[in-house]
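Below is the file run_31.tsv, which contains TSV, C-alpha atoms and all ligand atoms.
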chain	number	residue	atom	x	y	z
A	1	MET	CA	-80.87	-62.61	56.48
A	2	PRO	CA	-80.67	-61.83	60.24
A	3	PRO	CA	-83.39	-59.56	61.66
A	4	ALA	CA	-82.83	-55.78	61.35
A	5	PRO	CA	-81.11	-54.24	64.35
A	6	GLU	CA	-83.10	-51.95	66.67
A	7	ARG	CA	-82.65	-48.19	66.57
A	8	ARG	CA	-80.66	-47.15	69.66
A	9	GLU	CA	-82.19	-44.34	71.68
A	10	PHE	CA	-80.07	-41.82	73.57
A	11	GLN	CA	-80.45	-41.52	77.34
A	12	SER	CA	-80.01	-37.76	76.89
A	13	THR	CA	-83.14	-37.48	74.73
A	14	GLY	CA	-85.34	-37.23	77.85
A	15	LYS	CA	-83.32	-34.21	78.93
A	16	MET	CA	-83.70	-32.71	75.47
A	17	ARG	CA	-87.48	-33.05	75.65
A	18	GLU	CA	-87.35	-31.20	78.99
A	19	VAL	CA	-85.19	-28.41	77.58
A	20	MET	CA	-87.36	-28.01	74.49
A	21	GLY	CA	-90.54	-28.22	76.59
A	22	LYS	CA	-89.27	-25.41	78.81
A	23	TYR	CA	-88.43	-23.32	75.75
A	24	PHE	CA	-91.92	-23.71	74.29
A	25	ALA	CA	-93.59	-23.10	77.65
A	26	GLU	CA	-91.68	-19.81	77.96
A	27	LEU	CA	-92.78	-18.84	74.46
A	28	GLY	CA	-96.39	-19.62	75.39
A	29	ARG	CA	-96.25	-17.49	78.54
A	30	GLY	CA	-94.38	-14.67	76.80
A	31	ALA	CA	-97.15	-12.12	76.39
A	32	GLN	CA	-98.65	-12.73	79.88
A	33	GLU	CA	-95.23	-12.17	81.42
A	34	GLY	CA	-94.76	-8.97	79.46
A	35	LYS	CA	-92.04	-10.46	77.29
A	36	LYS	CA	-91.79	-9.46	73.66
A	37	THR	CA	-91.49	-12.11	70.97
A	38	ALA	CA	-89.15	-11.84	68.00
A	39	TRP	CA	-89.40	-14.24	65.10
A	40	CYS	CA	-86.04	-15.16	63.66
A	41	THR	CA	-84.90	-17.14	60.64
A	42	SER	CA	-83.04	-20.31	61.54
A	43	VAL	CA	-79.67	-18.81	60.60
A	44	GLY	CA	-80.66	-15.26	61.54
A	45	PRO	CA	-79.29	-12.93	64.25
A	46	ALA	CA	-80.66	-14.88	67.22
A	47	GLU	CA	-77.86	-13.65	69.53
A	48	LEU	CA	-78.82	-10.01	69.09
A	49	LEU	CA	-82.49	-10.76	69.76
A	50	ARG	CA	-81.75	-12.82	72.84
A	51	ALA	CA	-79.41	-10.15	74.21
A	52	LEU	CA	-82.24	-7.62	73.86
A	53	GLY	CA	-84.44	-9.81	76.05
A	54	PHE	CA	-86.82	-11.12	73.38
A	55	ASN	CA	-88.30	-14.59	73.45
A	56	VAL	CA	-86.98	-15.88	70.14
A	57	TYR	CA	-89.22	-18.05	67.97
A	58	PHE	CA	-88.10	-19.86	64.81
A	59	PRO	CA	-90.87	-20.58	62.29
A	60	GLU	CA	-88.66	-22.96	60.31
A	61	ASN	CA	-88.52	-25.17	63.39
A	62	HIS	CA	-92.31	-25.00	63.49
A	63	ALA	CA	-92.52	-25.87	59.80
A	64	ALA	CA	-90.25	-28.89	60.34
A	65	MET	CA	-92.61	-29.98	63.13
A	66	LEU	CA	-95.53	-29.72	60.69
A	67	GLY	CA	-93.57	-31.91	58.29
A	68	ALA	CA	-92.56	-34.48	60.90
A	69	ALA	CA	-96.15	-34.63	62.22
A	70	ARG	CA	-97.29	-35.18	58.60
A	71	MET	CA	-99.66	-32.24	58.84
A	72	ALA	CA	-97.89	-30.18	56.16
A	73	THR	CA	-99.25	-31.79	53.01
A	74	ASP	CA	-102.87	-30.96	53.98
A	75	LEU	CA	-102.00	-27.40	55.03
A	76	ILE	CA	-100.00	-26.34	51.96
A	77	PRO	CA	-103.08	-25.98	49.68
A	78	LEU	CA	-104.53	-23.35	52.06
A	79	ALA	CA	-101.52	-21.13	51.43
A	80	ASN	CA	-101.67	-21.94	47.71
A	81	ALA	CA	-105.27	-20.69	47.67
A	82	ARG	CA	-104.03	-17.37	49.10
A	83	GLY	CA	-101.55	-16.90	46.26
A	84	PHE	CA	-98.41	-18.66	47.47
A	85	SER	CA	-97.29	-20.93	44.64
A	86	PRO	CA	-97.02	-24.71	45.19
A	87	ASP	CA	-93.51	-24.38	43.71
A	88	ILE	CA	-92.09	-22.20	46.49
A	89	CYS	CA	-90.72	-23.26	49.88
A	90	SER	CA	-93.03	-25.82	51.49
A	91	TYR	CA	-91.90	-24.64	54.93
A	92	LEU	CA	-93.42	-21.28	54.07
A	93	THR	CA	-96.61	-22.70	52.60
A	94	SER	CA	-97.18	-25.26	55.37
A	95	ASP	CA	-96.52	-22.69	58.10
A	96	ILE	CA	-98.88	-20.13	56.55
A	97	GLY	CA	-101.43	-22.91	55.95
A	98	SER	CA	-101.18	-23.80	59.64
A	99	TYR	CA	-101.79	-20.17	60.59
A	100	LEU	CA	-104.80	-19.90	58.26
A	101	LYS	CA	-106.32	-23.10	59.65
A	102	GLY	CA	-105.41	-22.35	63.28
A	103	GLU	CA	-103.84	-25.79	63.74
A	104	THR	CA	-100.36	-26.43	65.05
A	105	PRO	CA	-98.49	-29.20	66.89
A	106	LEU	CA	-97.74	-26.51	69.52
A	107	GLN	CA	-101.34	-26.92	70.75
A	108	LYS	CA	-100.39	-30.41	71.95
A	109	MET	CA	-97.65	-28.76	73.98
A	110	GLY	CA	-100.13	-26.53	75.79
A	111	LEU	CA	-99.78	-23.40	73.63
A	112	LYS	CA	-102.88	-21.75	72.17
A	113	GLY	CA	-101.13	-21.37	68.86
A	114	VAL	CA	-97.93	-19.98	67.43
A	115	PRO	CA	-96.67	-17.04	69.49
A	116	LYS	CA	-97.60	-13.76	67.79
A	117	ALA	CA	-94.58	-11.71	66.75
A	118	ASP	CA	-93.81	-8.21	68.00
A	119	VAL	CA	-91.10	-8.05	65.36
A	120	LEU	CA	-89.84	-10.39	62.63
A	121	VAL	CA	-86.15	-10.50	61.75
A	122	PHE	CA	-84.75	-12.34	58.75
A	123	ASN	CA	-81.41	-12.95	57.11
A	124	THR	CA	-81.48	-13.72	53.39
A	125	ASN	CA	-78.25	-15.75	53.70
A	126	GLN	CA	-80.36	-18.88	53.13
A	127	CYS	CA	-82.94	-17.70	50.57
A	128	ARG	CA	-85.39	-14.95	49.59
A	129	ASP	CA	-88.38	-16.99	50.74
A	130	VAL	CA	-87.77	-16.20	54.40
A	131	LYS	CA	-88.27	-12.48	53.75
A	132	ASP	CA	-91.52	-13.05	51.84
A	133	TRP	CA	-92.67	-15.42	54.57
A	134	PHE	CA	-92.01	-12.92	57.35
A	135	GLN	CA	-93.52	-10.04	55.40
A	136	PHE	CA	-96.81	-11.94	55.21
A	137	TYR	CA	-97.05	-11.97	59.03
A	138	ALA	CA	-95.84	-8.37	59.29
A	139	ARG	CA	-98.79	-7.33	57.09
A	140	GLU	CA	-101.21	-9.57	59.00
A	141	TRP	CA	-100.27	-8.21	62.41
A	142	GLY	CA	-99.08	-4.71	61.55
A	143	VAL	CA	-95.65	-5.29	63.14
A	144	PRO	CA	-92.19	-4.43	61.82
A	145	CYS	CA	-90.22	-6.83	59.62
A	146	LEU	CA	-86.50	-6.12	59.64
A	147	GLY	CA	-83.59	-7.95	58.15
A	148	ILE	CA	-80.15	-8.47	56.79
A	149	HIS	CA	-79.44	-8.99	53.11
A	150	THR	CA	-76.44	-11.26	52.71
A	151	PRO	CA	-74.80	-11.88	49.35
A	152	ARG	CA	-75.18	-15.38	47.89
A	153	ALA	CA	-72.64	-17.62	46.16
A	154	ILE	CA	-69.86	-16.23	48.35
A	155	GLY	CA	-66.34	-17.46	47.58
A	156	ASP	CA	-63.92	-16.35	50.27
A	157	VAL	CA	-65.59	-14.48	53.13
A	158	THR	CA	-63.74	-11.23	52.56
A	159	GLU	CA	-63.44	-8.04	54.61
A	160	PRO	CA	-66.04	-6.09	52.54
A	161	ILE	CA	-68.60	-8.89	53.05
A	162	ILE	CA	-68.02	-8.86	56.81
A	163	GLU	CA	-68.17	-5.06	56.88
A	164	VAL	CA	-71.52	-4.95	55.05
A	165	GLY	CA	-72.98	-7.64	57.31
A	166	ALA	CA	-71.76	-6.01	60.52
A	167	LYS	CA	-73.15	-2.60	59.47
A	168	GLN	CA	-76.55	-4.14	58.75
A	169	LEU	CA	-76.54	-5.87	62.14
A	170	GLU	CA	-75.64	-2.62	63.90
A	171	ALA	CA	-78.41	-0.83	62.03
A	172	LEU	CA	-80.94	-3.29	63.48
A	173	VAL	CA	-80.14	-2.27	67.05
A	174	GLU	CA	-82.10	0.97	67.20
A	175	PRO	CA	-85.38	-0.29	65.72
A	176	LEU	CA	-85.14	-3.45	67.82
A	177	GLU	CA	-84.54	-1.42	70.98
A	178	ALA	CA	-87.70	0.53	70.15
A	179	VAL	CA	-89.75	-2.71	70.04
A	180	ALA	CA	-88.00	-4.26	73.04
A	181	GLY	CA	-88.36	-1.10	75.12
A	182	ALA	CA	-84.81	-1.64	76.35
A	183	LYS	CA	-81.30	-0.59	75.41
A	184	LEU	CA	-78.81	-3.16	74.16
A	185	ASP	CA	-76.27	-4.04	76.84
A	186	LEU	CA	-73.04	-4.84	75.02
A	187	ASP	CA	-71.78	-7.06	77.83
A	188	ARG	CA	-74.96	-9.11	77.63
A	189	LEU	CA	-74.50	-9.44	73.87
A	190	ARG	CA	-70.92	-10.68	74.41
A	191	GLU	CA	-72.22	-13.20	76.94
A	192	VAL	CA	-74.89	-14.50	74.52
A	193	VAL	CA	-72.38	-14.70	71.66
A	194	ALA	CA	-70.00	-16.66	73.93
A	195	LEU	CA	-72.79	-19.11	74.83
A	196	SER	CA	-73.79	-19.44	71.20
A	197	ARG	CA	-70.19	-20.18	70.24
A	198	GLN	CA	-69.94	-22.78	73.00
A	199	CYS	CA	-73.17	-24.38	71.78
A	200	ALA	CA	-71.87	-24.41	68.19
A	201	LEU	CA	-68.57	-26.04	69.18
A	202	LEU	CA	-70.31	-28.68	71.28
A	203	TRP	CA	-72.76	-29.41	68.49
A	204	LYS	CA	-69.85	-29.76	66.07
A	205	ALA	CA	-68.11	-32.16	68.48
A	206	VAL	CA	-71.35	-34.16	68.77
A	207	LEU	CA	-71.57	-34.51	64.98
A	208	GLU	CA	-67.89	-35.34	64.68
A	209	THR	CA	-68.20	-38.38	66.89
A	210	ALA	CA	-69.75	-39.94	63.77
A	211	ALA	CA	-66.26	-39.99	62.22
A	212	SER	CA	-65.62	-43.04	64.40
A	213	VAL	CA	-66.08	-46.48	62.86
A	214	PRO	CA	-68.67	-47.68	63.67
A	215	SER	CA	-70.50	-44.40	64.01
A	216	PRO	CA	-72.33	-43.80	67.30
A	217	LEU	CA	-75.01	-41.66	65.66
A	218	THR	CA	-76.84	-41.25	62.38
A	219	PHE	CA	-78.10	-38.29	60.38
A	220	PHE	CA	-81.60	-39.25	61.52
A	221	ASP	CA	-80.55	-38.94	65.17
A	222	GLY	CA	-78.97	-35.61	64.28
A	223	THR	CA	-82.22	-34.19	62.89
A	224	ILE	CA	-83.81	-34.80	66.30
A	225	GLN	CA	-80.83	-33.79	68.43
A	226	MET	CA	-80.30	-30.51	66.59
A	227	GLY	CA	-83.36	-28.81	68.17
A	228	PRO	CA	-81.52	-26.91	70.93
A	229	ALA	CA	-78.71	-25.83	68.54
A	230	VAL	CA	-81.35	-24.14	66.37
A	231	VAL	CA	-83.76	-22.61	68.88
A	232	LEU	CA	-81.68	-22.25	72.05
A	233	ARG	CA	-78.26	-21.19	70.84
A	234	GLY	CA	-77.04	-18.38	73.07
A	235	SER	CA	-78.54	-20.00	76.20
A	236	GLN	CA	-76.97	-22.02	79.01
A	237	ASP	CA	-79.63	-24.71	78.54
A	238	ALA	CA	-78.31	-25.58	75.07
A	239	VAL	CA	-74.71	-25.74	76.34
A	240	ASP	CA	-75.68	-28.02	79.24
A	241	TYR	CA	-77.64	-30.28	76.93
A	242	TYR	CA	-74.86	-30.79	74.41
A	243	GLN	CA	-72.31	-31.43	77.16
A	244	ALA	CA	-74.50	-34.31	78.35
A	245	LEU	CA	-75.10	-35.64	74.84
A	246	LEU	CA	-71.42	-35.43	73.94
A	247	ALA	CA	-70.46	-37.39	77.08
A	248	GLU	CA	-72.96	-40.10	76.09
A	249	LEU	CA	-71.59	-40.27	72.56
A	250	LYS	CA	-68.01	-40.47	73.77
A	251	GLU	CA	-69.01	-43.37	75.96
A	252	ARG	CA	-70.58	-45.10	72.94
A	253	VAL	CA	-67.36	-44.58	70.97
A	254	ALA	CA	-65.20	-45.90	73.81
A	255	LYS	CA	-67.36	-49.02	74.03
A	256	GLY	CA	-67.61	-49.44	70.26
A	257	VAL	CA	-71.41	-49.05	70.35
A	258	ALA	CA	-72.73	-48.58	66.81
A	259	ALA	CA	-75.83	-46.56	65.93
A	260	VAL	CA	-76.35	-49.10	63.14
A	261	GLU	CA	-75.41	-52.54	64.42
A	262	GLY	CA	-73.14	-54.30	61.92
A	263	GLU	CA	-72.41	-51.06	60.01
A	264	ARG	CA	-71.35	-52.02	56.46
A	265	PHE	CA	-71.46	-48.72	54.58
A	266	ARG	CA	-71.28	-45.02	55.38
A	267	ILE	CA	-73.28	-42.41	53.48
A	268	TYR	CA	-73.28	-38.60	53.33
A	269	TRP	CA	-76.72	-36.92	53.10
A	270	GLU	CA	-76.61	-33.73	51.08
A	271	GLY	CA	-79.77	-31.60	51.21
A	272	MET	CA	-82.86	-31.22	53.36
A	273	PRO	CA	-84.39	-34.00	55.46
A	274	ILE	CA	-87.69	-35.48	54.24
A	275	TRP	CA	-89.41	-34.70	57.52
A	276	GLY	CA	-92.52	-36.83	57.07
A	277	ARG	CA	-90.50	-39.94	56.19
A	278	LEU	CA	-87.55	-39.79	58.58
A	279	LYS	CA	-88.68	-42.85	60.48
A	280	ASN	CA	-89.12	-45.02	57.39
A	281	LEU	CA	-85.82	-43.94	55.90
A	282	SER	CA	-84.00	-44.49	59.17
A	283	GLN	CA	-85.50	-47.98	59.35
A	284	GLN	CA	-84.54	-48.82	55.78
A	285	PHE	CA	-80.92	-47.82	56.36
A	286	LEU	CA	-80.88	-49.86	59.58
A	287	GLU	CA	-82.08	-52.89	57.64
A	288	LEU	CA	-79.40	-52.31	55.03
A	289	ARG	CA	-76.84	-51.94	57.83
A	290	THR	CA	-75.83	-48.66	56.31
A	291	CYS	CA	-75.22	-45.57	58.40
A	292	VAL	CA	-75.90	-42.07	57.12
A	293	VAL	CA	-72.98	-40.66	59.10
A	294	ALA	CA	-72.95	-36.99	58.16
A	295	SER	CA	-74.89	-34.27	56.40
A	296	THR	CA	-74.59	-30.71	55.25
A	297	TYR	CA	-77.91	-29.95	56.93
A	298	CYS	CA	-77.04	-30.82	60.54
A	299	ASN	CA	-73.72	-29.00	60.20
A	300	SER	CA	-75.47	-25.78	59.17
A	301	TRP	CA	-75.67	-24.68	62.82
A	302	VAL	CA	-71.93	-24.81	63.46
A	303	PHE	CA	-71.13	-21.09	63.84
A	304	ASP	CA	-67.55	-21.43	64.98
A	305	ALA	CA	-66.60	-17.95	63.74
A	306	LEU	CA	-68.57	-16.33	66.59
A	307	ASP	CA	-66.29	-14.32	68.87
A	308	PRO	CA	-67.54	-12.51	71.99
A	309	SER	CA	-64.69	-9.98	71.81
A	310	ASP	CA	-65.97	-8.78	68.41
A	311	PRO	CA	-69.70	-9.58	68.44
A	312	PHE	CA	-71.05	-7.72	65.39
A	313	ARG	CA	-68.25	-8.52	62.98
A	314	SER	CA	-68.02	-12.13	64.12
A	315	MET	CA	-71.79	-12.59	63.75
A	316	ALA	CA	-71.48	-11.17	60.23
A	317	ARG	CA	-68.64	-13.59	59.48
A	318	ALA	CA	-70.41	-16.60	61.01
A	319	TYR	CA	-73.69	-15.98	59.17
A	320	SER	CA	-71.95	-15.34	55.83
A	321	SER	CA	-69.81	-18.47	56.12
A	322	ILE	CA	-72.57	-21.06	56.14
A	323	PHE	CA	-72.68	-23.60	53.33
A	324	ILE	CA	-75.96	-22.44	51.78
A	325	CYS	CA	-74.71	-18.98	50.81
A	326	ARG	CA	-71.37	-20.13	49.41
A	327	SER	CA	-70.12	-20.58	45.84
A	328	GLU	CA	-70.13	-23.93	44.05
A	329	ASP	CA	-66.35	-24.21	44.51
A	330	GLN	CA	-66.61	-23.64	48.26
A	331	LYS	CA	-69.47	-26.13	48.56
A	332	GLU	CA	-67.57	-28.73	46.59
A	333	GLN	CA	-64.49	-28.29	48.75
A	334	TYR	CA	-66.63	-28.57	51.90
A	335	ILE	CA	-68.21	-31.86	50.79
A	336	ARG	CA	-64.80	-33.25	49.80
A	337	GLU	CA	-63.52	-32.55	53.31
A	338	MET	CA	-66.62	-34.11	54.89
A	339	VAL	CA	-66.32	-37.25	52.76
A	340	ALA	CA	-62.70	-37.69	53.87
A	341	LYS	CA	-63.33	-36.87	57.55
A	342	PHE	CA	-66.32	-39.20	57.92
A	343	ARG	CA	-64.90	-41.97	55.68
A	344	VAL	CA	-67.92	-41.90	53.43
A	345	ASP	CA	-68.58	-44.60	50.81
A	346	GLY	CA	-71.22	-42.76	48.80
A	347	ILE	CA	-73.24	-39.53	48.64
A	348	LEU	CA	-77.03	-39.21	48.60
A	349	TYR	CA	-78.36	-35.92	47.20
A	350	HIS	CA	-81.90	-34.99	48.12
A	351	ASP	CA	-83.38	-32.86	45.36
A	352	ALA	CA	-86.08	-31.07	47.35
A	353	LYS	CA	-88.55	-29.78	44.78
A	354	THR	CA	-89.54	-26.65	46.70
A	355	CYS	CA	-86.09	-25.72	47.99
A	356	PRO	CA	-83.59	-25.09	45.22
A	357	ASN	CA	-81.36	-23.43	47.81
A	358	ASN	CA	-80.69	-26.69	49.59
A	359	SER	CA	-80.64	-28.93	46.49
A	360	ASN	CA	-77.08	-29.09	45.28
A	361	ASN	CA	-77.48	-31.74	42.61
A	362	ARG	CA	-78.85	-29.41	39.96
A	363	TYR	CA	-75.65	-27.93	38.53
A	364	GLN	CA	-73.52	-31.04	38.00
A	365	MET	CA	-72.01	-31.22	41.50
A	366	PRO	CA	-72.62	-34.98	41.89
A	367	GLN	CA	-70.85	-35.75	38.63
A	368	ARG	CA	-67.91	-33.46	39.42
A	369	LEU	CA	-67.49	-34.96	42.88
A	370	ARG	CA	-67.78	-38.50	41.58
A	371	GLU	CA	-64.98	-37.76	39.19
A	372	LYS	CA	-62.77	-36.24	41.87
A	373	LEU	CA	-63.55	-38.62	44.71
A	374	GLY	CA	-64.41	-41.82	42.89
A	375	LYS	CA	-67.47	-42.21	45.14
A	376	PRO	CA	-70.87	-43.19	43.74
A	377	PHE	CA	-73.92	-41.00	44.26
A	378	LEU	CA	-77.69	-41.27	44.30
A	379	VAL	CA	-80.22	-38.50	43.70
A	380	VAL	CA	-83.50	-38.83	45.61
A	381	ASN	CA	-86.36	-36.69	44.31
A	382	GLY	CA	-88.62	-35.47	47.05
A	383	ASP	CA	-89.33	-32.54	49.27
A	384	LEU	CA	-88.82	-31.34	52.82
A	385	ASN	CA	-92.53	-31.08	53.64
A	386	ASP	CA	-94.72	-31.69	50.61
A	387	LEU	CA	-95.07	-35.47	50.48
A	388	ARG	CA	-97.03	-35.28	47.22
A	389	LEU	CA	-93.64	-34.70	45.62
A	390	TYR	CA	-92.08	-37.85	47.02
A	391	SER	CA	-92.46	-41.44	45.93
A	392	GLU	CA	-91.79	-43.80	48.82
A	393	GLU	CA	-91.69	-46.91	46.62
A	394	GLN	CA	-89.34	-45.46	44.07
A	395	THR	CA	-87.00	-44.11	46.74
A	396	ARG	CA	-86.91	-47.43	48.59
A	397	THR	CA	-85.96	-49.24	45.40
A	398	ASN	CA	-83.33	-46.66	44.48
A	399	ILE	CA	-81.72	-46.76	47.93
A	400	GLU	CA	-81.62	-50.55	47.86
A	401	ALA	CA	-79.95	-50.51	44.44
A	402	PHE	CA	-77.48	-47.85	45.62
A	403	VAL	CA	-76.40	-49.92	48.60
A	404	GLU	CA	-76.01	-52.97	46.34
A	405	GLN	CA	-73.79	-50.84	44.14
A	406	LEU	CA	-71.67	-49.95	47.19
A	407	ALA	CA	-71.39	-53.63	48.02
A	408	GLU	CA	-70.08	-54.38	44.54
A	409	ALA	CA	-67.57	-51.51	44.49
A	501	LIG	S1	-83.71	-22.48	52.61
A	501	LIG	FE1	-85.25	-23.69	51.55
A	501	LIG	S2	-86.42	-24.72	53.14
A	501	LIG	FE2	-85.26	-23.06	54.11
A	501	LIG	S3	-86.71	-21.35	54.16
A	501	LIG	FE3	-85.47	-21.13	52.30
A	501	LIG	S4	-86.61	-22.15	50.65
A	501	LIG	FE4	-87.48	-22.80	52.64

Please lay out the structure from this file as structure tokens.
Ligand code: SF4
Amino acid sequence: MPPAPERREFQSTGKMREVMGKYFAELGRGAQEGKKTAWCTSVGPAELLRALGFNVYFPENHAAMLGAARMATDLIPLANARGFSPDICSYLTSDIGSYLKGETPLQKMGLKGVPKADVLVFNTNQCRDVKDWFQFYAREWGVPCLGIHTPRAIGDVTEPIIEVGAKQLEALVEPLEAVAGAKLDLDRLREVVALSRQCALLWKAVLETAASVPSPLTFFDGTIQMGPAVVLRGSQDAVDYYQALLAELKERVAKGVAAVEGERFRIYWEGMPIWGRLKNLSQQFLELRTCVVASTYCNSWVFDALDPSDPFRSMARAYSSIFICRSEDQKEQYIREMVAKFRVDGILYHDAKTCPNNSNNRYQMPQRLREKLGKPFLVVNGDLNDLRLYSEEQTRTNIEAFVEQLAEA
């Protein structure tokens, strides 16, 4: 067997490190510069917070860093000892463990610790855990915790759903203005929503380059490249970054440059990344000359419904349209479209033990989709951050067998 191909780096990644470094440096200087900090859930109302002049911090991004740095597994028991069950979200437990221990990867980036919140703002569109998570810090620091309660298992995103969401967003304005010490400027909000939409469309275009055969990027690249789409949407920096990345990807496509040299098979990743094992998994797929071309996860930050001419209603629509808060039928339809668009040979479902919200294998979806699409599937048992729930050996063997199955199909 020829040696495994090398993973291809992106020239743009250096620019991304700069952009992310600047973002974290601004967060670190926030209090000294008299800026207020708002914590926001990853699919929360970031545009509103940015328009009000807050530095916006995303603890899920921090939790993913704890996972990727393989610090999470040691930190989770500290939160367990304070009454947070080992069965609930390991983002929550690792982040709270990090706070209790006073250790964070942000210290390596020159910050003293995580930036203390002046206000915490959640949206339950993804799960209930985010509210419980934010309420812990609100009690610790005696600061307000505000939020939006979005229905779950949404079929069509109907007018009443948009109306309820928009009203809740509007109701946040007054209490947020009180914390910010500034009035909301509607023109500024429109500007931020326009930038966020631009960022979302560019990010979508970046991910869609993987529809080319061979694909110029993998899911594992996507988990790194998605940083600005999560934490900097609504800023010019994110737009500039994705313009550069998209140009690089288009060049790869034009030259036929593959992310996985000798690409034989194309896989869809459904569910959360396994942050502490991304490198190993990426390497195994390289060796198997199999490209994980698309995922539900990376596409979760494509808010194409945003519309600067109708900011509140379009934010409500965008944040109620995401995959995680949709019905089984809608999710199934979405995956069917992705499988066709990205010319996928098989689907890998990650059953993340502590995140039922992002584990879509539990109610027969793989079997239904196999029947409809005729594509094989594999379920990997693991977790986003708690590596005690993941067997590397078993997963390696299962992935190998799955790819063999694709070869025989
Ligand atoms: S969606 Fe899952 S991983 Fe994300 S915060 Fe909720 S429980 Fe945690």

For this session: Figure out the distance between CA of Asp310 (chain A) and CA of Cys298 (chain A), please, to one decimal in Å.
Result: 25.9 Å

Exercise. From the list A:Cys145, A:Leu92, A:Met315, A:Val56, which residue is nearest ligand LIG 501 (chain A) when using all atoms listed in the file?
Worked result: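 Smallest separation from ligand LIG 501 (chain A) among the options: A:Leu92.
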
Problem set entry | Residue nearest Glu6 (chain A) among A:Gly271, A:Gly97, A:Gly346, A:Gly262 (counting all atoms listed in the file) |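 Looking at the shortest contact to Glu6 (chain A), the residue is A:Gly262.
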
For this session: Go through A:Gly102, A:Gly34, A:Pro151, A:Pro45 one by one, measure the shortest atom-to-atom distance of each to Asp118 (chain A) using all atoms listed in the file, and give the residue with the smallest value.
Result: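 Result for the nearest residue to Asp118 (chain A): A:Gly34.
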
Problem set entry | Distance in Å - CA of Leu217 (chain A) versus CA of Gly382 (chain A) | 23.9 Å

Problem set entry | Computed interatomic separation between CA of Lys36 (chain A) and CA of Phe54 (chain A) (Å) |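 Taking CA of Lys36 (chain A) as the start and CA of Phe54 (chain A) as the end point, the length is 5.2 Å.
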
Problem set entry | Selection: 7 Å around Thr150 (chain A), all atoms listed in the file, excl. self and same-chain fewer than 6 positions, as a PyMOL selection string | chain A and resi 123-125+165+320

Problem set entry | For Tyr99 (chain A): contacts at 10 Å, only C-alpha atoms, fewer than 3 positions along chain excluded, given as a ChimeraX atom specification | /A:75,78-79,93-96,102-104,113-114,137

For this session: Could you report the residues within 10 Å of ligand LIG 501 (chain A), using only C-alpha atoms and all ligand atoms, as a ChimeraX atom specification?
Result: /A:41-43,59-60,63-64,88-93,124-133,271-273,324-325,352-359,383-385

Exercise. Given the choices A:Lys22, A:His149, A:Arg29, A:Lys183, which gets closest to Ala51 (chain A) if the distance is worked out from all atoms listed in the file?
Worked result: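 The shortest atom-to-atom distance to Ala51 (chain A) comes from A:Lys183.
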
For this session: Name the residues in contact with Lys204 (chain A) at a cut-off of 9 Å, using only C-alpha atoms, excluding same-chain residues fewer than 6 positions from it; report them as an MDAnalysis selection string.
Result: chainID A and resid 299 301:302 304

Exercise. If you count all atoms listed in the file, which residues fall within 6 Å of region 242-259 of chain A, apart from same-chain ones fewer than 6 positions away, as an NGL selection string?
Worked result: :A and (12 or 202 or 206 or 214-217)

Exercise. Pick the closest to Ala200 (chain A) from A:Asp386, A:Glu328, A:Asp187, A:Asp307: which is it, counting all atoms listed in the file?
Worked result: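 Selected residue with least distance to Ala200 (chain A): A:Asp307.
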
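Residues lying within 8 Å of Arg343 (chain A), counting all atoms listed in the file and ignoring same-chain neighbours fewer than 2 positions away, are A:Ala211, A:Arg266, A:Val339, A:Ala340, A:Lys341, A:Asp345.
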
Problem set entry | Selected residue of minimal separation from Leu232 (chain A) among A:Asn55, A:Pro144, A:Arg8, A:Gln168, counting all atoms listed in the file |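 Once distances to Leu232 (chain A) are computed over all atoms listed in the file, the minimum belongs to A:Asn55.
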
Which residues of region 174-228 of chain A have any atom within 12 Å of an atom in region 278-286 of chain A when counting all atoms listed in the file, and what is the closest pair of atoms for each, with the distance in Å to one decimal? Order the rows by chain and rising number and write it as CSV.
residue,atom,partner,partner_atom,distance
A:Leu217,CA,A:Ser282,CA,11.4
A:Thr218,CA,A:Ser282,CA,8.5
A:Phe219,CA,A:Ser282,CA,8.6
A:Phe220,CA,A:Ser282,CA,6.2
A:Asp221,CA,A:Ser282,CA,8.9
A:Gly222,CA,A:Leu278,CA,11.1
A:Thr223,CA,A:Leu278,CA,8.9
A:Ile224,CA,A:Leu278,CA,9.9

Some atoms are missing, so please complete region 53-59 of chain A with N, CA and C atoms and return it as a compact mmCIF listing (two decimals), in the frame of the given file.
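As a result, result39.txt now contains:
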# COMPACT_ATOMS: atom_id res chain seq x y z
N GLY A 53 -83.41 -9.32 75.13
CA GLY A 53 -84.44 -9.81 76.05
C GLY A 53 -85.69 -10.37 75.39
N PHE A 54 -85.65 -10.54 74.06
CA PHE A 54 -86.82 -11.12 73.38
C PHE A 54 -86.90 -12.63 73.65
N ASN A 55 -88.11 -13.15 73.68
CA ASN A 55 -88.30 -14.59 73.45
C ASN A 55 -88.11 -14.79 71.95
N VAL A 56 -87.28 -15.74 71.58
CA VAL A 56 -86.98 -15.88 70.14
C VAL A 56 -87.65 -17.15 69.60
N TYR A 57 -88.45 -16.95 68.57
CA TYR A 57 -89.22 -18.05 67.97
C TYR A 57 -88.75 -18.25 66.53
N PHE A 58 -88.65 -19.53 66.13
CA PHE A 58 -88.10 -19.86 64.81
C PHE A 58 -89.16 -20.60 63.98
N PRO A 59 -89.81 -19.92 63.06
CA PRO A 59 -90.87 -20.58 62.29
C PRO A 59 -90.40 -21.75 61.44
